[in-house]
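Heads up: the structure comes next, in structure tokens.
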Protein chains: 2
Amino acid sequence: MKAGVYQFNPAFGKKDENLKNVLSEVKDADLDLLVLPEFFATGYQFISTDEVAELSERIPDGDTTGCLSQLSHQQGFYIVAGLPERDGDRFFNSAILTGPEGFISVYRKTHLFFEEKLYFTPGDTGFKVWKTGIGRIGIMICFDWFFPESMRILSLMGADIVAHPSNLVLPYCPAVMPVRCLENRVFSVTANRTGEEKRKEGKSLKFIGQSLIASPDGKVLIKAREDEETLITVEIDPHISRNKSLNPLNNIFEDRRIDMYRKLTED
Amino acid sequence: MKAGVYQFNPAFGKKDENLKNVLSEVKDADLDLLVLPEFFATGYQFISTDEVAELSERIPDGDTTGCLSQLSHQQGFYIVAGLPERDGDRFFNSAILTGPEGFISVYRKTHLFFEEKLYFTPGDTGFKVWKTGIGRIGIMICFDWFFPESMRILSLMGADIVAHPSNLVLPYCPAVMPVRCLENRVFSVTANRTGEEKRKEGKSLKFIGQSLIASPDGKVLIKAREDEETLITVEIDPHISRNKSLNPLNNIFEDRRIDMYRKLTED
């Protein structure tokens, strides 16, 4: 199967324009799975609850979900993409999964980063993995990468591929994702954005690009540059992820000593 | 405080010779913490239970523990070092901690690698952290690095520094340790060995050296080359590890969502 990322520079608040840009770039792509950045259609740096309220959408009723569901259906590929979700008077940093059958499900970001905490509610879905026609897909969003628990749990739940919509500003993640893949023996598809947002005096955010796809043996299979708008794609065999054996005597999941791990879930 | 590693090529089975080598290289070192490799005095690749029985020692009664306890006491620095331990008719891949007061404690390796499983019992101590005069020291041994749970648990238990006696043969660990430090915001001191062991036809093991000390911000502070016998040392402030704040809104331990982590300790 072919996995891909569209890395670009969304203009803040210009949802229609950003969506149109994405559609025109990916509509004829030869793909089985497309991952788009966190908040790909809205931009990232919200500075008021009013703004969040204006730009967020209900899932699956909103326009962005409708548009991507239709694209998935028409083109026959799966999409994972990030957007601000409204649920009553709460807002979540969410990512949807769509497929040939249309809308599939939503994941709400577990670990919120920095000022996201001012506007969004910590995710209440927990980590989720979906069985699809191309393999088992798990989702985490951006800062979830920092916590080894995120990808560990997705992998223990059976994920072959972890789709990872992101808006990375710290420098570390591109070097960490191959480690996350190695320690769990899964594929990762990190979709980051490019560009800079200057929405408040002295609060400029620069995004680091470098979207990448990594393999269960900890290799970077393809990686975008820091500043390019590009669709990167690579052929992968997600079933490799099902083999957790490192050698004839070590299976990295069977070797886990959960009797020694209680501290991980203690208050 | 000054942390150091003595990286060298132990000769298999020549305990006295290896011990003498270490003592002569480190006895005048200006150090607060010295970490030595896994099985530093015996060599690594055991090929029979008889061999393990012959070269392993009771802890703290054995010669190796006695010798390092005396060295710690005389020189006033802490030592973490790996050795095969005999306890009744069981054998463990263990590491001891000694200090100015002499022998302190032992950790038994939780995750055994490859043919270690033929001769050793999986560790039954669990992960442990000791409050010492130079900060809180946790220990893991070699392949424990592969499991993010190991260093996570040590860090949650309050470790400032994770001492990591190793006999690395896989290529990955030197790139992973800075990630382990970053995700837990602690120091690590990985002591690896050099050289090659050819103890069975077609079973040669080459050790990758590259002992390294990494910091809570994911930087490699010092790293040995692949093949050199060397004492590397670096000045560190272990109290930096107590600050788990990444920015004013993210504390990486307070941000953990243990209600979402149950899968980590489920059968």
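Residues in the structure tokens are named by chain (A, B, ... in the order shown) and by number from 1 within that chain; ligands are numbered from 1 in the order shown.
Residue-level contact on chain A: within 7 Å of chain B, counting only C-alpha atoms, the set is His111, Phe113, Phe114, Gly126, Phe146, Phe147, Pro148, Glu149, Ile153, Val176, Val179, Glu183, Leu249, Asn250, Asp255, Ile258, Met260, Tyr261, Arg262, Lys263, Leu264 and Thr265 of chain A.
Neighbours of Leu34 of chain A closer than or equal to 8 Å, with only C-alpha atoms counted and sequence neighbours fewer than 6 positions away skipped, come out as Ala3, Gly4, Val5, Tyr6, Phe77, Tyr78, Ile79 and Val80 of chain A.
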Those same residues, written as a PDB file, in the first residue's frame with N, CA, C and O atoms?
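So the final result, stored in selection.pdb, reads:
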ATOM      1  N   ALA A   3       1.431   5.048   1.365  1.00  0.00           N
ATOM      2  CA  ALA A   3       1.078   6.049   2.374  1.00  0.00           C
ATOM      3  C   ALA A   3       1.684   7.386   1.982  1.00  0.00           C
ATOM      4  O   ALA A   3       2.784   7.439   1.424  1.00  0.00           O
ATOM      5  N   GLY A   4       0.964   8.461   2.297  1.00  0.00           N
ATOM      6  CA  GLY A   4       1.460   9.775   1.913  1.00  0.00           C
ATOM      7  C   GLY A   4       1.080  10.859   2.905  1.00  0.00           C
ATOM      8  O   GLY A   4       0.214  10.681   3.766  1.00  0.00           O
ATOM      9  N   VAL A   5       1.795  11.955   2.791  1.00  0.00           N
ATOM     10  CA  VAL A   5       1.554  13.140   3.611  1.00  0.00           C
ATOM     11  C   VAL A   5       1.528  14.346   2.692  1.00  0.00           C
ATOM     12  O   VAL A   5       2.398  14.480   1.830  1.00  0.00           O
ATOM     13  N   TYR A   6       0.546  15.211   2.884  1.00  0.00           N
ATOM     14  CA  TYR A   6       0.630  16.505   2.208  1.00  0.00           C
ATOM     15  C   TYR A   6       1.041  17.552   3.234  1.00  0.00           C
ATOM     16  O   TYR A   6       0.291  17.867   4.168  1.00  0.00           O
ATOM     17  N   PHE A  77      -9.249   6.294  -1.133  1.00  0.00           N
ATOM     18  CA  PHE A  77      -8.182   6.176  -0.127  1.00  0.00           C
ATOM     19  C   PHE A  77      -8.645   6.657   1.250  1.00  0.00           C
ATOM     20  O   PHE A  77      -9.612   7.395   1.373  1.00  0.00           O
ATOM     21  N   TYR A  78      -7.929   6.197   2.268  1.00  0.00           N
ATOM     22  CA  TYR A  78      -8.191   6.601   3.653  1.00  0.00           C
ATOM     23  C   TYR A  78      -7.502   7.936   3.920  1.00  0.00           C
ATOM     24  O   TYR A  78      -6.442   8.229   3.354  1.00  0.00           O
ATOM     25  N   ILE A  79      -8.124   8.739   4.766  1.00  0.00           N
ATOM     26  CA  ILE A  79      -7.538  10.028   5.158  1.00  0.00           C
ATOM     27  C   ILE A  79      -7.572  10.156   6.672  1.00  0.00           C
ATOM     28  O   ILE A  79      -8.569   9.799   7.310  1.00  0.00           O
ATOM     29  N   VAL A  80      -6.478  10.655   7.235  1.00  0.00           N
ATOM     30  CA  VAL A  80      -6.462  11.077   8.635  1.00  0.00           C
ATOM     31  C   VAL A  80      -6.068  12.543   8.644  1.00  0.00           C
ATOM     32  O   VAL A  80      -5.055  12.928   8.036  1.00  0.00           O
TER      33      VAL A  80
END
- Message: Need to verify the contact set: Asp16 of chain A, 9 Å, only C-alpha atoms, exclusion of same-chain residues closer than 5 positions in sequence. Can you return it as a PyMOL selection string?
- Response: chain A and resi 21+41-42+64
- Could you please write out, as a PyMOL selection string, every residue of segment 16-226 of chain A that DSSP assigns to alpha helix (DSSP H)? chain A and resi 16-26+49-55+63-75+116-119+148-156+173-184
- Message: Need to verify the contact set: Lys20 of chain A, 12 Å, only C-alpha atoms, exclusion of same-chain residues closer than 6 positions in sequence. Can you return it as JSON, numbers by chain?
- Response: {"A": [10, 11, 14, 26, 27, 40, 41, 64, 67, 68, 71]}
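Reported to one decimal place, the separation of atom CA of Phe8 of chain B from atom CA of Glu228 of chain B is 7.1 Å.
For Arg90 of chain B, the non-local neighbours within 12 Å, defined as residues at least 6 positions apart in the same chain or in other chains and counting only C-alpha atoms, are Thr49, Val52, Ala53, Ser56, Glu57, Arg58, Pro84, Arg108, Leu118, Tyr119, Phe120, Thr121, Pro122, Gly123 and Asp124 of chain B.
One finds atom CA of Met1 of chain A at 7.6 Å from atom CA of Leu31 of chain A.
Minimum atom-to-atom distance to Pro165 of chain B, evaluated using only C-alpha atoms, belongs to B:Pro37 out of B:Pro37, B:Gly99, B:Gly88, B:Gly66.
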- Note on the structure: re atom CA of Thr65 of chain A and atom CA of Ser94 of chain A: distance 11.2 Å
- Task: For Phe207 of chain A, work out the shell of residues within 8 Å, counting only C-alpha atoms and skipping chain neighbours fewer than 2 positions away, then give it as a PyMOL selection string.
- Result: chain A and resi 167-169+192-196+205+209
Take the residues from that selection and put them in a file with all heavy atoms, as an mmCIF file, in the first residue's frame.
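Everything below was put into result_18.cif:
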data_model
loop_
_atom_site.group_PDB
_atom_site.id
_atom_site.type_symbol
_atom_site.label_atom_id
_atom_site.label_comp_id
_atom_site.auth_asym_id
_atom_site.auth_seq_id
_atom_site.Cartn_x
_atom_site.Cartn_y
_atom_site.Cartn_z
ATOM 1 N N ASN A 167 1.497 19.771 14.217
ATOM 2 C CA ASN A 167 1.911 21.162 13.988
ATOM 3 C C ASN A 167 3.136 21.368 14.876
ATOM 4 O O ASN A 167 3.072 22.036 15.902
ATOM 5 C CB ASN A 167 0.809 22.149 14.388
ATOM 6 C CG ASN A 167 -0.196 22.451 13.276
ATOM 7 O OD1 ASN A 167 -0.981 23.400 13.370
ATOM 8 N ND2 ASN A 167 -0.181 21.666 12.222
ATOM 9 N N LEU A 168 4.244 20.792 14.500
ATOM 10 C CA LEU A 168 5.439 20.747 15.353
ATOM 11 C C LEU A 168 6.162 22.079 15.387
ATOM 12 O O LEU A 168 6.451 22.664 14.341
ATOM 13 C CB LEU A 168 6.411 19.680 14.854
ATOM 14 C CG LEU A 168 5.870 18.252 14.773
ATOM 15 C CD1 LEU A 168 6.809 17.379 13.961
ATOM 16 C CD2 LEU A 168 5.663 17.681 16.166
ATOM 17 N N VAL A 169 6.472 22.533 16.599
ATOM 18 C CA VAL A 169 7.308 23.724 16.748
ATOM 19 C C VAL A 169 8.623 23.396 17.472
ATOM 20 O O VAL A 169 9.643 24.018 17.222
ATOM 21 C CB VAL A 169 6.573 24.868 17.493
ATOM 22 C CG1 VAL A 169 5.445 25.416 16.628
ATOM 23 C CG2 VAL A 169 6.021 24.405 18.835
ATOM 24 N N ASN A 192 3.334 17.076 9.159
ATOM 25 C CA ASN A 192 3.532 18.371 9.803
ATOM 26 C C ASN A 192 3.227 19.488 8.814
ATOM 27 O O ASN A 192 3.090 19.267 7.621
ATOM 28 C CB ASN A 192 4.976 18.481 10.310
ATOM 29 C CG ASN A 192 5.167 19.658 11.261
ATOM 30 O OD1 ASN A 192 4.214 20.108 11.894
ATOM 31 N ND2 ASN A 192 6.375 20.162 11.345
ATOM 32 N N ARG A 193 3.133 20.709 9.305
ATOM 33 C CA ARG A 193 2.932 21.856 8.436
ATOM 34 C C ARG A 193 4.221 22.670 8.336
ATOM 35 O O ARG A 193 5.190 22.410 9.053
ATOM 36 C CB ARG A 193 1.791 22.740 8.936
ATOM 37 C CG ARG A 193 2.003 23.302 10.329
ATOM 38 C CD ARG A 193 1.043 24.436 10.611
ATOM 39 N NE ARG A 193 1.411 25.625 9.847
ATOM 40 C CZ ARG A 193 0.756 26.770 9.878
ATOM 41 N NH1 ARG A 193 -0.331 26.887 10.641
ATOM 42 N NH2 ARG A 193 1.160 27.805 9.170
ATOM 43 N N THR A 194 4.213 23.647 7.474
ATOM 44 C CA THR A 194 5.347 24.557 7.327
ATOM 45 C C THR A 194 4.878 25.969 7.705
ATOM 46 O O THR A 194 3.745 26.177 8.116
ATOM 47 C CB THR A 194 5.850 24.581 5.867
ATOM 48 O OG1 THR A 194 4.782 25.055 5.041
ATOM 49 C CG2 THR A 194 6.270 23.193 5.411
ATOM 50 N N GLY A 195 5.795 26.914 7.548
ATOM 51 C CA GLY A 195 5.416 28.320 7.682
ATOM 52 C C GLY A 195 5.461 28.853 9.093
ATOM 53 O O GLY A 195 5.920 28.198 10.027
ATOM 54 N N GLU A 196 4.948 30.064 9.229
ATOM 55 C CA GLU A 196 5.039 30.781 10.495
ATOM 56 C C GLU A 196 3.684 31.446 10.748
ATOM 57 O O GLU A 196 3.027 31.895 9.819
ATOM 58 C CB GLU A 196 6.137 31.852 10.359
ATOM 59 C CG GLU A 196 6.649 32.376 11.662
ATOM 60 C CD GLU A 196 7.981 33.126 11.509
ATOM 61 O OE1 GLU A 196 8.574 33.088 10.405
ATOM 62 O OE2 GLU A 196 8.417 33.745 12.494
ATOM 63 N N LEU A 205 5.008 31.767 15.916
ATOM 64 C CA LEU A 205 5.283 30.329 15.941
ATOM 65 C C LEU A 205 5.808 29.896 14.586
ATOM 66 O O LEU A 205 5.186 30.157 13.560
ATOM 67 C CB LEU A 205 4.005 29.540 16.235
ATOM 68 C CG LEU A 205 3.502 29.498 17.671
ATOM 69 C CD1 LEU A 205 2.279 28.592 17.752
ATOM 70 C CD2 LEU A 205 4.579 29.011 18.625
ATOM 71 N N GLY A 209 8.185 21.701 9.623
ATOM 72 C CA GLY A 209 8.105 20.803 8.454
ATOM 73 C C GLY A 209 8.641 19.416 8.777
ATOM 74 O O GLY A 209 8.315 18.846 9.807
#
- Message: Which of segment 97-241 of chain B end up as strand (DSSP E) when DSSP is run on this backbone - answer as an MDAnalysis selection string?
- Response: chainID B and resid 97:99 102:108 129:132 135:139 161:165 187:191 196:197 205:206 212:214 220:223 230:235
Store the residues picked out above, limited to C-alpha atoms, as a PDB file, in the first residue's frame.
ATOM      1  CA  LEU B  97      25.533   0.121  43.449  1.00  0.00           C
ATOM      2  CA  THR B  98      28.405   0.908  45.803  1.00  0.00           C
ATOM      3  CA  GLY B  99      29.275   4.182  47.513  1.00  0.00           C
ATOM      4  CA  GLY B 102      30.496   0.474  50.748  1.00  0.00           C
ATOM      5  CA  PHE B 103      27.975  -1.891  49.162  1.00  0.00           C
ATOM      6  CA  ILE B 104      24.507  -0.344  48.799  1.00  0.00           C
ATOM      7  CA  SER B 105      22.213  -2.560  46.717  1.00  0.00           C
ATOM      8  CA  VAL B 106      21.598  -4.678  43.650  1.00  0.00           C
ATOM      9  CA  TYR B 107      19.285  -4.524  40.628  1.00  0.00           C
ATOM     10  CA  ARG B 108      18.494  -7.645  38.594  1.00  0.00           C
ATOM     11  CA  VAL B 129      16.033   4.159  42.765  1.00  0.00           C
ATOM     12  CA  TRP B 130      18.434   5.037  45.574  1.00  0.00           C
ATOM     13  CA  LYS B 131      18.834   8.399  47.287  1.00  0.00           C
ATOM     14  CA  THR B 132      22.553   9.036  47.500  1.00  0.00           C
ATOM     15  CA  GLY B 135      21.381  12.604  43.789  1.00  0.00           C
ATOM     16  CA  ARG B 136      18.857   9.867  43.120  1.00  0.00           C
ATOM     17  CA  ILE B 137      20.308   7.031  41.074  1.00  0.00           C
ATOM     18  CA  GLY B 138      18.274   4.465  39.149  1.00  0.00           C
ATOM     19  CA  ILE B 139      19.710   1.471  37.317  1.00  0.00           C
ATOM     20  CA  ILE B 161      20.393   9.838  36.804  1.00  0.00           C
ATOM     21  CA  VAL B 162      19.866   6.467  35.161  1.00  0.00           C
ATOM     22  CA  ALA B 163      23.037   4.377  35.245  1.00  0.00           C
ATOM     23  CA  HIS B 164      23.047   1.910  32.370  1.00  0.00           C
ATOM     24  CA  PRO B 165      25.681  -0.853  32.320  1.00  0.00           C
ATOM     25  CA  PHE B 187      20.388  12.130  32.813  1.00  0.00           C
ATOM     26  CA  SER B 188      21.595   8.779  31.517  1.00  0.00           C
ATOM     27  CA  VAL B 189      25.051   7.230  31.799  1.00  0.00           C
ATOM     28  CA  THR B 190      25.445   4.302  29.405  1.00  0.00           C
ATOM     29  CA  ALA B 191      28.627   2.261  29.901  1.00  0.00           C
ATOM     30  CA  GLU B 196      34.522  -8.932  19.916  1.00  0.00           C
ATOM     31  CA  GLU B 197      33.816 -12.310  21.486  1.00  0.00           C
ATOM     32  CA  LEU B 205      29.535 -10.934  18.900  1.00  0.00           C
ATOM     33  CA  LYS B 206      30.833  -7.451  18.145  1.00  0.00           C
ATOM     34  CA  LEU B 212      27.542   8.069  26.284  1.00  0.00           C
ATOM     35  CA  ILE B 213      26.152  10.481  28.824  1.00  0.00           C
ATOM     36  CA  ALA B 214      22.949  12.318  27.834  1.00  0.00           C
ATOM     37  CA  VAL B 220      24.593  13.873  24.117  1.00  0.00           C
ATOM     38  CA  LEU B 221      27.070  15.485  26.539  1.00  0.00           C
ATOM     39  CA  ILE B 222      29.942  13.121  25.806  1.00  0.00           C
ATOM     40  CA  LYS B 223      30.331   9.956  23.773  1.00  0.00           C
ATOM     41  CA  THR B 230      38.704   5.195  27.537  1.00  0.00           C
ATOM     42  CA  LEU B 231      37.445   6.886  30.661  1.00  0.00           C
ATOM     43  CA  ILE B 232      34.935   9.565  29.644  1.00  0.00           C
ATOM     44  CA  THR B 233      33.738  12.049  32.242  1.00  0.00           C
ATOM     45  CA  VAL B 234      31.467  15.079  32.296  1.00  0.00           C
ATOM     46  CA  GLU B 235      30.206  17.548  34.898  1.00  0.00           C
TER      47      GLU B 235
END
